[in-house]
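Structure data (compact mmCIF, C-alpha atoms and all ligand atoms) from final-v4.txt:
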# COMPACT_ATOMS: atom_id res chain seq x y z
CA MET A 95 117.07 35.31 162.58
CA TYR A 96 113.44 34.17 162.70
CA LYS A 97 112.53 31.75 165.47
CA HIS A 98 109.18 29.95 165.68
CA ASN A 99 107.20 31.39 168.59
CA LYS A 100 104.96 28.52 169.75
CA LYS A 101 102.90 30.64 172.09
CA VAL A 102 101.79 33.09 169.39
CA PHE A 103 100.40 30.33 167.20
CA GLU A 104 98.88 28.45 170.11
CA GLU A 105 96.92 31.53 171.16
CA ARG A 106 95.60 32.04 167.64
CA ARG A 107 94.51 28.41 167.42
CA GLU A 108 92.63 28.72 170.68
CA ILE A 109 90.71 31.75 169.46
CA PHE A 110 89.99 30.08 166.11
CA LEU A 111 88.81 26.84 167.77
CA ASP A 112 86.58 28.84 170.04
CA LYS A 113 85.04 30.65 167.07
CA LEU A 114 84.47 27.34 165.27
CA GLY A 115 81.89 26.46 167.92
CA GLY A 116 81.66 22.70 167.35
CA ARG A 117 82.60 22.71 163.63
CA ALA A 118 85.58 20.96 162.05
CA ALA A 119 87.91 23.04 159.87
CA ILE A 120 90.21 21.72 157.16
CA ILE A 121 92.93 24.28 156.38
CA PRO A 122 95.41 23.21 153.68
CA GLY A 123 98.88 24.67 153.32
CA ALA A 124 100.32 25.72 149.96
CA ASN A 125 101.93 23.44 147.40
CA LEU A 126 105.00 24.14 145.32
CA VAL A 127 104.19 25.81 141.99
CA LYS A 128 106.08 24.94 138.82
CA HIS A 129 107.96 27.79 137.19
CA HIS A 130 109.28 25.93 134.15
CA ALA A 131 110.50 22.40 133.33
CA ASP A 132 111.26 20.86 136.73
CA CYS A 133 112.04 24.18 138.46
CA GLU A 134 109.67 25.67 141.00
CA TYR A 135 108.91 29.16 142.30
CA PRO A 136 110.23 29.77 145.81
CA PHE A 137 107.78 28.23 148.29
CA ARG A 138 105.20 30.62 149.70
CA GLN A 139 103.04 29.23 152.50
CA ASP A 140 99.28 29.83 152.48
CA SER A 141 98.65 32.81 154.78
CA ASN A 142 95.74 31.27 156.71
CA PHE A 143 97.64 28.03 157.24
CA TRP A 144 100.70 29.99 158.33
CA TYR A 145 98.68 32.19 160.67
CA LEU A 146 97.42 29.15 162.57
CA THR A 147 100.46 26.86 162.47
CA GLY A 148 103.72 28.67 161.63
CA PHE A 149 104.61 25.51 159.68
CA ASP A 150 106.54 26.36 156.56
CA GLU A 151 106.65 23.20 154.45
CA PRO A 152 104.66 22.44 151.29
CA ASP A 153 101.71 20.02 151.05
CA ALA A 154 100.70 20.08 154.73
CA ILE A 155 97.07 20.12 155.93
CA ALA A 156 95.74 21.17 159.32
CA LEU A 157 92.52 19.99 160.96
CA PHE A 158 90.89 22.00 163.73
CA LEU A 159 88.37 19.86 165.54
CA SER A 160 86.41 22.08 167.86
CA HIS A 161 83.96 19.24 168.64
CA LYS A 162 86.75 17.21 170.30
CA PRO A 163 88.15 17.57 173.82
CA LYS A 164 91.33 19.56 174.47
CA GLY A 165 94.40 17.57 173.40
CA GLU A 166 92.65 16.11 170.32
CA ARG A 167 91.80 19.26 168.42
CA PHE A 168 94.80 20.22 166.30
CA ILE A 169 95.90 17.62 163.75
CA LEU A 170 98.68 18.10 161.18
CA PHE A 171 99.20 16.05 158.03
CA VAL A 172 102.78 16.58 156.81
CA SER A 173 105.48 15.09 154.61
CA PRO A 174 107.23 12.34 156.62
CA ARG A 175 110.99 12.43 157.09
CA ASP A 176 112.81 10.93 154.10
CA VAL A 177 116.59 10.83 153.89
CA ILE A 178 116.83 10.87 150.11
CA SER A 179 114.27 13.66 149.65
CA GLU A 180 115.98 15.69 152.38
CA VAL A 181 119.34 15.31 150.63
CA TRP A 182 117.77 16.79 147.50
CA HIS A 183 115.40 19.38 148.95
CA GLY A 184 116.41 20.05 152.54
CA PHE A 185 115.27 19.37 156.09
CA ARG A 186 111.72 18.37 156.99
CA TRP A 187 110.19 18.36 160.44
CA GLY A 188 108.31 15.13 159.81
CA LEU A 189 105.60 13.77 162.11
CA GLU A 190 107.67 14.02 165.26
CA GLY A 191 108.65 17.64 164.60
CA ALA A 192 105.04 18.54 163.77
CA GLU A 193 104.03 17.32 167.23
CA LYS A 194 107.02 18.56 169.27
CA GLU A 195 107.87 21.86 167.60
CA PHE A 196 104.50 22.80 166.10
CA MET A 197 102.37 21.42 168.93
CA ALA A 198 100.05 19.24 166.86
CA ASP A 199 97.99 17.00 169.13
CA LYS A 200 98.61 14.31 166.54
CA ALA A 201 100.57 14.27 163.25
CA HIS A 202 100.13 11.96 160.27
CA SER A 203 101.61 11.55 156.84
CA LYS A 204 99.91 13.81 154.28
CA ASN A 205 99.04 10.64 152.33
CA GLU A 206 96.71 9.49 155.09
CA LEU A 207 94.26 12.37 154.83
CA ARG A 208 91.75 10.51 152.64
CA ASP A 209 91.60 7.54 155.02
CA LEU A 210 91.57 9.45 158.30
CA LEU A 211 89.41 12.49 157.55
CA PRO A 212 86.01 10.72 157.90
CA GLY A 213 86.92 9.48 161.39
CA TYR A 214 88.15 12.90 162.53
CA ILE A 215 85.03 14.75 161.43
CA ASN A 216 82.61 12.11 162.61
CA GLY A 217 79.69 13.74 164.45
CA VAL A 218 80.06 17.35 163.24
CA ASP A 219 77.15 19.05 161.51
CA GLU A 220 79.21 21.53 159.58
CA LEU A 221 82.62 21.49 157.90
CA VAL A 222 84.77 24.58 157.44
CA PHE A 223 86.76 24.62 154.23
CA SER A 224 87.57 27.18 151.54
CA ILE A 225 85.99 25.96 148.29
CA GLY A 226 87.81 26.71 145.04
CA LYS A 227 91.25 27.41 146.46
CA HIS A 228 92.86 24.04 147.13
CA PRO A 229 92.24 21.75 144.15
CA PHE A 230 94.21 18.75 145.47
CA ILE A 231 92.59 18.67 148.87
CA GLU A 232 89.17 19.81 147.70
CA LYS A 233 88.65 16.51 145.91
CA ILE A 234 89.19 14.61 149.16
CA VAL A 235 87.05 17.00 151.20
CA LEU A 236 84.14 16.83 148.75
CA GLU A 237 84.30 13.04 148.53
CA THR A 238 84.20 12.86 152.32
CA PHE A 239 81.42 15.43 152.48
CA SER A 240 79.35 13.52 149.96
CA GLN A 241 79.72 10.41 152.12
CA GLN A 242 78.66 12.45 155.14
CA LEU A 243 75.50 13.62 153.36
CA GLU A 244 74.73 10.05 152.56
CA ASN A 245 75.26 9.05 156.21
CA ARG A 246 73.10 11.87 157.39
CA SER A 247 70.20 10.84 155.22
CA ARG A 248 70.41 7.25 156.47
CA LEU A 249 71.68 7.53 160.04
CA GLY A 250 70.84 11.10 161.00
CA ILE A 251 74.45 11.95 161.71
CA GLY A 252 77.02 13.63 159.43
CA ALA A 253 78.01 17.05 158.10
CA ASN A 254 75.36 18.68 155.94
CA SER A 255 77.04 21.95 154.97
CA ILE A 256 80.40 23.59 154.33
CA LYS A 257 81.22 27.03 155.63
CA SER A 258 84.12 29.29 154.66
CA PRO A 259 86.98 29.68 157.20
CA GLU A 260 87.42 33.26 155.99
CA ILE A 261 84.39 34.24 158.07
CA TYR A 262 86.47 33.60 161.20
CA LEU A 263 90.03 34.15 160.02
CA ASN A 264 89.55 37.43 158.14
CA GLU A 265 88.11 38.99 161.25
CA MET A 266 91.05 37.75 163.34
CA ARG A 267 93.74 38.76 160.84
CA LEU A 268 92.33 42.23 160.22
CA ILE A 269 93.17 43.37 163.75
CA LYS A 270 96.90 42.95 164.34
CA SER A 271 98.12 41.75 167.73
CA ASP A 272 101.05 43.46 169.50
CA PHE A 273 103.31 40.70 168.21
CA GLU A 274 102.14 41.29 164.64
CA ILE A 275 102.51 45.04 164.92
CA LYS A 276 106.11 44.52 166.03
CA ARG A 277 106.81 42.33 163.00
CA MET A 278 105.02 44.77 160.68
CA ARG A 279 107.18 47.59 162.04
CA GLU A 280 110.25 45.54 161.16
CA ALA A 281 109.07 44.68 157.64
CA ILE A 282 108.10 48.27 156.98
CA GLN A 283 111.30 49.70 158.45
CA ILE A 284 113.45 47.54 156.15
CA SER A 285 111.23 48.52 153.22
CA ALA A 286 111.55 52.21 154.08
CA GLU A 287 115.33 51.98 154.40
CA ALA A 288 115.48 50.38 150.94
CA HIS A 289 113.66 53.41 149.53
CA GLU A 290 116.18 55.70 151.21
CA LEU A 291 118.99 53.69 149.68
CA VAL A 292 117.46 54.17 146.23
CA ARG A 293 117.36 57.91 146.77
CA GLU A 294 120.97 58.00 147.89
CA SER A 295 122.26 55.99 144.96
CA ILE A 296 119.99 57.12 142.17
CA SER A 297 122.34 59.60 140.53
CA TYR A 298 124.81 56.98 139.42
CA LYS A 299 122.45 54.16 138.58
CA LYS A 300 121.54 53.92 134.94
CA ASN A 301 118.42 51.83 134.58
CA GLU A 302 115.36 50.55 136.38
CA ARG A 303 116.70 47.03 136.79
CA GLN A 304 119.74 48.27 138.72
CA ILE A 305 117.43 50.13 141.10
CA GLN A 306 115.42 46.94 141.57
CA GLY A 307 118.71 45.19 142.35
CA ILE A 308 119.56 47.74 145.05
CA ILE A 309 116.18 47.41 146.73
CA GLU A 310 115.88 43.66 146.63
CA GLY A 311 119.53 43.12 147.52
CA PHE A 312 118.94 45.25 150.61
CA PHE A 313 115.87 43.18 151.56
CA LEU A 314 117.94 40.00 151.45
CA GLU A 315 120.85 41.57 153.29
CA LYS A 316 118.45 42.48 156.11
CA GLY A 317 117.24 38.89 156.41
CA ALA A 318 113.91 39.27 154.61
CA ARG A 319 112.75 36.56 152.21
CA GLY A 320 112.72 39.10 149.41
CA PRO A 321 110.13 41.38 147.85
CA ALA A 322 106.57 41.09 149.11
CA TYR A 323 105.28 41.54 145.54
CA ASN A 324 106.91 42.25 142.19
CA SER A 325 108.81 45.49 142.75
CA ILE A 326 107.61 48.34 140.54
CA VAL A 327 110.52 50.48 139.36
CA ALA A 328 108.97 52.83 136.83
CA SER A 329 110.70 55.86 135.37
CA GLY A 330 109.01 58.62 133.39
CA ASP A 331 105.86 57.56 131.57
CA ASN A 332 106.24 53.95 132.79
CA ALA A 333 104.92 55.21 136.13
CA CYS A 334 101.52 55.69 134.47
CA ILE A 335 101.27 51.90 134.20
CA LEU A 336 100.04 51.02 137.67
CA HIS A 337 101.50 47.52 137.86
CA TYR A 338 104.57 48.11 135.70
CA THR A 339 107.07 45.38 136.49
CA SER A 340 109.19 45.17 133.32
CA ASN A 341 111.76 47.36 135.10
CA ASN A 342 113.97 47.47 132.02
CA SER A 343 114.14 51.08 130.84
CA PRO A 344 117.10 53.43 131.09
CA LEU A 345 116.71 56.36 133.52
CA ASN A 346 116.51 59.87 132.05
CA GLN A 347 117.76 62.84 134.03
CA GLY A 348 114.60 64.97 133.72
CA ASP A 349 112.16 62.21 134.59
CA LEU A 350 110.66 61.04 137.85
CA LEU A 351 111.20 57.55 139.20
CA LEU A 352 108.29 55.80 140.91
CA VAL A 353 109.32 52.90 143.12
CA ASP A 354 106.62 50.74 144.72
CA ALA A 355 108.41 48.07 146.75
CA GLY A 356 108.30 46.36 150.12
CA CYS A 357 109.89 43.33 151.69
CA SER A 358 108.41 40.14 153.08
CA LEU A 359 109.90 38.84 156.32
CA ALA A 360 110.67 35.23 157.16
CA ASP A 361 107.23 35.02 158.78
CA TYR A 362 105.56 36.67 155.78
CA TYR A 363 104.78 40.09 157.25
CA ASN A 364 104.98 42.69 154.49
CA GLY A 365 105.82 46.30 153.79
CA ASP A 366 104.25 48.20 150.87
CA ILE A 367 105.72 51.64 150.19
CA THR A 368 105.77 53.91 147.16
CA ARG A 369 108.00 56.90 146.66
CA THR A 370 108.38 59.07 143.57
CA ILE A 371 111.64 60.99 143.24
CA PRO A 372 113.34 63.21 140.67
CA ILE A 373 116.06 61.23 138.91
CA GLY A 374 118.25 64.26 138.30
CA GLY A 375 117.69 65.66 141.79
CA LYS A 376 115.29 68.50 140.84
CA PHE A 377 111.57 68.47 140.09
CA SER A 378 110.45 70.39 136.99
CA ASN A 379 107.67 72.96 137.60
CA GLU A 380 104.99 70.60 136.31
CA GLN A 381 106.34 67.63 138.27
CA LYS A 382 106.47 69.71 141.43
CA ILE A 383 102.89 70.94 141.03
CA ILE A 384 101.54 67.41 140.64
CA TYR A 385 103.74 66.09 143.47
CA GLU A 386 102.44 68.75 145.84
CA ILE A 387 98.84 67.88 145.03
CA VAL A 388 99.45 64.17 145.67
CA LEU A 389 101.45 64.82 148.85
CA ASN A 390 98.77 67.10 150.23
CA ALA A 391 96.07 64.55 149.43
CA GLN A 392 98.12 61.80 151.04
CA LYS A 393 99.01 63.66 154.23
CA THR A 394 95.43 64.84 154.73
CA ALA A 395 94.05 61.37 154.07
CA ILE A 396 96.47 59.88 156.62
CA LYS A 397 95.31 62.38 159.26
CA SER A 398 91.74 61.30 158.58
CA ALA A 399 92.53 57.61 159.20
CA VAL A 400 91.24 57.58 162.77
CA THR A 401 89.10 55.12 164.69
CA GLY A 402 85.47 55.42 163.77
CA SER A 403 86.22 56.60 160.24
CA ASN A 404 86.46 54.01 157.44
CA SER A 405 88.61 53.25 154.43
CA ASN A 406 86.06 54.73 152.03
CA SER A 407 86.10 58.06 153.88
CA VAL A 408 89.90 58.06 153.76
CA HIS A 409 89.67 57.48 150.01
CA ASN A 410 87.17 60.32 149.62
CA VAL A 411 89.38 62.75 151.55
CA ALA A 412 92.26 62.05 149.17
CA LEU A 413 90.04 62.04 146.09
CA ARG A 414 88.58 65.47 146.79
CA ILE A 415 92.00 67.04 147.24
CA LEU A 416 93.30 65.43 144.05
CA ILE A 417 90.28 66.68 142.12
CA GLU A 418 90.50 70.21 143.57
CA GLY A 419 94.19 70.34 142.71
CA LEU A 420 93.63 69.07 139.17
CA LYS A 421 90.86 71.63 138.68
CA GLU A 422 93.18 74.43 139.74
CA ILE A 423 95.68 73.57 137.04
CA GLY A 424 93.05 73.04 134.35
CA LEU A 425 93.23 69.27 134.05
CA LEU A 426 89.68 68.83 135.33
CA SER A 427 86.69 71.12 135.18
CA GLY A 428 83.23 71.28 136.73
CA SER A 429 81.91 70.77 140.22
CA THR A 430 83.85 68.37 142.43
CA GLU A 431 80.60 66.54 143.27
CA GLY A 432 79.79 66.14 139.59
CA ILE A 433 83.29 64.91 138.77
CA ILE A 434 83.07 62.30 141.54
CA GLU A 435 79.58 61.23 140.59
CA ASN A 436 80.43 60.81 136.90
CA HIS A 437 83.84 59.25 137.60
CA SER A 438 85.29 61.83 135.24
CA TYR A 439 88.60 61.90 137.14
CA LYS A 440 89.37 58.27 136.36
CA HIS A 441 91.65 58.98 133.39
CA LEU A 442 94.00 60.62 135.95
CA TYR A 443 93.35 58.62 139.16
CA MET A 444 92.07 55.13 138.53
CA HIS A 445 92.61 53.18 141.77
CA ARG A 446 91.45 53.24 145.37
CA THR A 447 93.48 55.05 148.01
CA GLY A 448 94.39 52.10 150.20
CA HIS A 449 94.02 48.53 151.37
CA TRP A 450 94.64 46.44 154.48
CA LEU A 451 98.22 45.24 154.87
CA GLY A 452 99.53 42.23 156.78
CA LEU A 453 100.41 38.63 155.91
CA ASP A 454 98.97 39.36 152.48
CA VAL A 455 99.94 42.60 150.78
CA HIS A 456 96.31 43.16 149.92
CA ASP A 457 95.35 41.72 153.25
CA VAL A 458 92.13 39.98 154.19
CA GLY A 459 89.22 41.67 155.89
CA ALA A 460 86.05 43.36 154.69
CA TYR A 461 86.00 47.06 153.78
CA ARG A 462 82.24 47.13 153.81
CA MET A 463 79.36 44.78 154.50
CA GLY A 464 76.68 45.71 152.03
CA ASP A 465 75.96 49.37 152.73
CA TYR A 466 77.76 49.33 156.06
CA GLU A 467 81.34 50.68 156.00
CA VAL A 468 83.62 48.74 158.35
CA PRO A 469 84.91 51.29 160.87
CA LEU A 470 88.64 51.75 161.38
CA GLN A 471 89.77 50.21 164.66
CA ASN A 472 92.97 50.15 166.65
CA GLY A 473 95.36 47.51 165.31
CA MET A 474 94.32 47.72 161.66
CA ILE A 475 97.02 48.59 159.15
CA LEU A 476 95.90 50.52 156.10
CA THR A 477 97.98 51.77 153.19
CA VAL A 478 97.32 55.33 152.06
CA GLU A 479 98.45 55.69 148.47
CA PRO A 480 96.88 58.35 146.27
CA GLY A 481 98.43 59.14 142.90
CA ILE A 482 98.04 61.04 139.65
CA TYR A 483 98.96 59.44 136.33
CA ILE A 484 98.95 61.65 133.27
CA SER A 485 99.11 59.98 129.89
CA ASP A 486 96.82 59.60 126.91
CA ARG A 487 96.21 55.89 127.43
CA ILE A 488 92.68 56.50 128.73
CA PRO A 489 90.58 58.92 126.63
CA VAL A 490 89.65 62.18 128.30
CA PRO A 491 85.97 61.89 129.35
CA ASP A 492 83.40 64.05 127.57
CA GLY A 493 83.33 67.56 128.97
CA GLN A 494 86.82 67.37 130.55
CA PRO A 495 89.76 69.44 129.24
CA ASN A 496 92.30 68.03 126.83
CA ILE A 497 95.67 67.45 128.41
CA ASP A 498 98.49 69.78 127.48
CA GLU A 499 101.63 67.91 126.36
CA LYS A 500 103.68 69.44 129.18
CA TRP A 501 101.88 67.28 131.76
CA LYS A 502 102.11 63.99 129.94
CA GLY A 503 104.45 61.31 131.23
CA ILE A 504 104.10 62.40 134.84
CA GLY A 505 103.09 59.52 137.10
CA ILE A 506 103.22 60.04 140.86
CA ARG A 507 102.10 57.87 143.76
CA ILE A 508 103.02 58.26 147.41
CA GLU A 509 102.23 55.29 149.62
CA ASP A 510 102.62 54.87 153.37
CA ASP A 511 101.61 52.10 155.77
CA VAL A 512 99.47 53.44 158.57
CA LEU A 513 98.64 51.83 161.92
CA ILE A 514 95.24 52.88 163.21
CA LYS A 515 95.62 54.18 166.77
CA ASP A 516 92.64 56.07 168.17
CA LYS A 517 92.82 59.61 166.81
CA SER A 518 96.57 59.55 166.01
CA PRO A 519 97.34 57.33 163.03
CA GLU A 520 100.95 56.18 163.11
CA VAL A 521 102.89 56.19 159.85
CA LEU A 522 104.99 53.04 160.15
CA SER A 523 106.88 53.88 156.94
CA PHE A 524 108.03 57.26 158.26
CA ALA A 525 111.70 56.48 157.56
CA ALA A 526 111.15 56.79 153.81
CA LEU A 527 111.26 60.55 153.32
CA LYS A 528 108.74 62.27 151.07
CA GLU A 529 108.96 66.06 151.43
CA ILE A 530 110.18 67.82 148.28
CA SER A 531 113.08 69.32 150.25
CA ASP A 532 114.16 65.79 151.22
CA LEU A 533 114.02 64.47 147.69
CA GLU A 534 115.88 67.22 145.83
CA PHE A 535 119.64 67.34 145.77
N1 LIG B 601 102.17 47.37 145.70
C1 LIG B 601 100.83 47.05 145.51
C2 LIG B 601 99.96 48.10 146.02
O1 LIG B 601 100.41 49.17 146.34
O2 LIG B 601 98.79 47.89 146.22
MN MN B 602 99.56 49.23 148.32
MN MN B 603 102.42 49.50 146.76
Mind turning this structure into structure tokens?
Amino acid sequence: MYKHNKKVFEERREIFLDKLGGRAAIIPGANLVKHHADCEYPFRQDSNFWYLTGFDEPDAIALFLSHKPKGERFILFVSPRDVISEVWHGFRWGLEGAEKEFMADKAHSKNELRDLLPGYINGVDELVFSIGKHPFIEKIVLETFSQQLENRSRLGIGANSIKSPEIYLNEMRLIKSDFEIKRMREAIQISAEAHELVRESISYKKNERQIQGIIEGFFLEKGARGPAYNSIVASGDNACILHYTSNNSPLNQGDLLLVDAGCSLADYYNGDITRTIPIGGKFSNEQKIIYEIVLNAQKTAIKSAVTGSNSNSVHNVALRILIEGLKEIGLLSGSTEGIIENHSYKHLYMHRTGHWLGLDVHDVGAYRMGDYEVPLQNGMILTVEPGIYISDRIPVPDGQPNIDEKWKGIGIRIEDDVLIKDKSPEVLSFAALKEISDLEF
């Protein structure tokens, strides 16, 4: 059962306030999103707001006032307690809870933001707010900012620019603390166990939707909120559609099943794992050949994910092995350098090999800054997920071999979640097996 850990959030706020260096940040939480008629999607808190507050209600706004003395720096605007609303929609912490449980120096009703914001930011030169992401609050922030510009021109005091909070928060979130690594281990372990459950039950399940049910039912049983993203349960040729989420085809004995699924915990930490398994328990020759190429690329790329390297190098390690393997079986031809330079592998491998993973599945943090590749550092979590997808959806590039029918309909991806740890990357998703001998029955 998830319990709010005040200390964790307090420490993050202190670091963030320190980085703000005299600026005032306005960080809105998420709002409910309509699904249809008067029904809403399940609430999903904004990751930056969550990271700094741990407050899980809609429509809240946090102010971080680094120009103020300690004890006046963290302000929450929340929905006040309301008996009737709580009877319909559930418990709210209200202003008192925001101060006691979530350690706000002061809490107000969310409806007071417009009136109180000018006073709170009085005297700062620069505001910190993410433009273009929070339409309801942005209107208030820009109105206030415009007033500040006016003040500045007349009185010489007032904010004269707006900076993005991502500059500070992405950097913080990219490196996971020990607490976060522990939670990531838990999210990834549940996700890995769900993949094992799929493998154990595949022989008597008849369609993709039932497999989705097994995975997501397991997530809920283990106390997760549910899937971190729309689960991809793709059999046969469906696996060549990278973000296939229809999950409504029957399973055929001779096909492979690609499952890309991970859970999201109560505090939004996510797993992201892909396994590709033979539905009937045995790989065909062609399936096995492609699987071995992808597995070799993946394992070698994981080994290369060490401090000082970077995500682009990890991608290139995988890419070269995929290309060499595809050349050997006649699906690509020419020099590996030439194939990379001309992108003439992209009808068979059309995505990057990995991304940061954390509170967002495609987590925040730069991969490169201009020409400079961001080096891998301890505490980063990177997915490593090469694949090969053989279909005739994308035309074969000029000069590359036509694809023999026997390969078509094979789509394979293998994805693990890797913690960067000096020279020994740790595969957090190890519990989801991936060797051919593990997958055949
Ligand atoms: N499941 C989304 C991804 O692998 O990036
Ligand atoms: Mn991924
Ligand atoms: Mn994935």
If the limit is 8 Å from any atom of ligand LIG 601 (chain B), counting all atoms listed in the file, which residues qualify? Return them as a list in words. Tyr323, Asn324, Ser325, Ile326, His337, Asp354, Ala355, Gly356, Asp366, Ile367, Thr368, Gly448, His449, Val455, His456, Thr477, Glu479 and Glu509 of chain A
Find the residues near region 300-315 of chain A: any atom within 10 Å, counting only C-alpha atoms, skip ones fewer than 3 places away on the same chain, and give them as a PyMOL selection string. chain A and resi 281+284-293+295-297+318-322+324-329+339-347+351-353+355-359+373
Padding 4 Å on each side, edges along x, y and z: where is the centre of the box around the listed atoms of region 432-449 of chain A, and how long are its edges in Å to one decimal? Output it as AutoDock Vina command-line options.
--center_x 87.0 --center_y 57.3 --center_z 142.4 --size_x 22.8 --size_y 25.6 --size_z 26.0
Counting all atoms listed in the file, which residues of region 254-362 of chain A sit at most 12 Å from some atom of region 424-446 of chain A, and what is each one's closest atom pair with its distance in Å to one decimal, listed by chain and rising residue number, as JSON lines?
{"residue": "A:Cys334", "atom": "CA", "partner": "A:Leu442", "partner_atom": "CA", "distance": 9.1}
{"residue": "A:Ile335", "atom": "CA", "partner": "A:Met444", "partner_atom": "CA", "distance": 10.7}
{"residue": "A:Leu336", "atom": "CA", "partner": "A:His445", "partner_atom": "CA", "distance": 8.8}
{"residue": "A:His337", "atom": "CA", "partner": "A:His445", "partner_atom": "CA", "distance": 11.2}
Can you spit out the residues from that selection as a PDB file, in the coordinates of the input, using C-alpha atoms?
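Contents of out.pdb, as written:
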ATOM      1  CA  CYS A 334     101.520  55.690 134.470  1.00  0.00           C
ATOM      2  CA  ILE A 335     101.270  51.900 134.200  1.00  0.00           C
ATOM      3  CA  LEU A 336     100.040  51.020 137.670  1.00  0.00           C
ATOM      4  CA  HIS A 337     101.500  47.520 137.860  1.00  0.00           C
TER       5      HIS A 337
END
Which distance in Å separates CA of Ala118 (chain A) and CA of Leu211 (chain A), to one decimal?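 Going from CA of Ala118 (chain A) over to CA of Leu211 (chain A) covers 10.3 Å.
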Using only C-alpha atoms and all ligand atoms, find the one residue out of A:Leu389, A:Ile415, A:Val512, A:Leu210 that sits nearest to ligand MN 602 (chain B).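 Under the stated criterion, the closest residue is A:Val512.
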Near region 257-277 of chain A, 9 Å: region 314-396 of chain A residue rows, closest pairs, only C-alpha atoms, as JSON lines:
{"residue": "A:Leu359", "atom": "CA", "partner": "A:Arg277", "partner_atom": "CA", "distance": 8.1}
{"residue": "A:Asp361", "atom": "CA", "partner": "A:Arg277", "partner_atom": "CA", "distance": 8.5}
{"residue": "A:Tyr363", "atom": "CA", "partner": "A:Arg277", "partner_atom": "CA", "distance": 6.5}
{"residue": "A:Asn364", "atom": "CA", "partner": "A:Arg277", "partner_atom": "CA", "distance": 8.7}
So which residues fall inside 8 Å of (107.3, 19.0, 160.3) if we count all atoms listed in the file? Mind giving them as a PDB file with C-alpha atoms, in the frame of the given file?
ATOM      1  CA  PHE A 149     104.610  25.510 159.680  1.00  0.00           C
ATOM      2  CA  GLU A 151     106.650  23.200 154.450  1.00  0.00           C
ATOM      3  CA  VAL A 172     102.780  16.580 156.810  1.00  0.00           C
ATOM      4  CA  SER A 173     105.480  15.090 154.610  1.00  0.00           C
ATOM      5  CA  PRO A 174     107.230  12.340 156.620  1.00  0.00           C
ATOM      6  CA  ARG A 186     111.720  18.370 156.990  1.00  0.00           C
ATOM      7  CA  TRP A 187     110.190  18.360 160.440  1.00  0.00           C
ATOM      8  CA  GLY A 188     108.310  15.130 159.810  1.00  0.00           C
ATOM      9  CA  LEU A 189     105.600  13.770 162.110  1.00  0.00           C
ATOM     10  CA  GLU A 190     107.670  14.020 165.260  1.00  0.00           C
ATOM     11  CA  GLY A 191     108.650  17.640 164.600  1.00  0.00           C
ATOM     12  CA  ALA A 192     105.040  18.540 163.770  1.00  0.00           C
ATOM     13  CA  GLU A 193     104.030  17.320 167.230  1.00  0.00           C
ATOM     14  CA  GLU A 195     107.870  21.860 167.600  1.00  0.00           C
ATOM     15  CA  PHE A 196     104.500  22.800 166.100  1.00  0.00           C
TER      16      PHE A 196
END
Just the number, please: distance in Å from CA of Gly402 (chain A) to CA of Asp457 (chain A), one decimal. 19.9 Å
Here is a test: counting only C-alpha atoms, which residue of A:Phe171, A:Ile234, A:Ile475, A:Leu527 is nearest to Val458 (chain A)?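 Nearest candidate to Val458 (chain A) out of A:Phe171, A:Ile234, A:Ile475, A:Leu527: A:Ile475.
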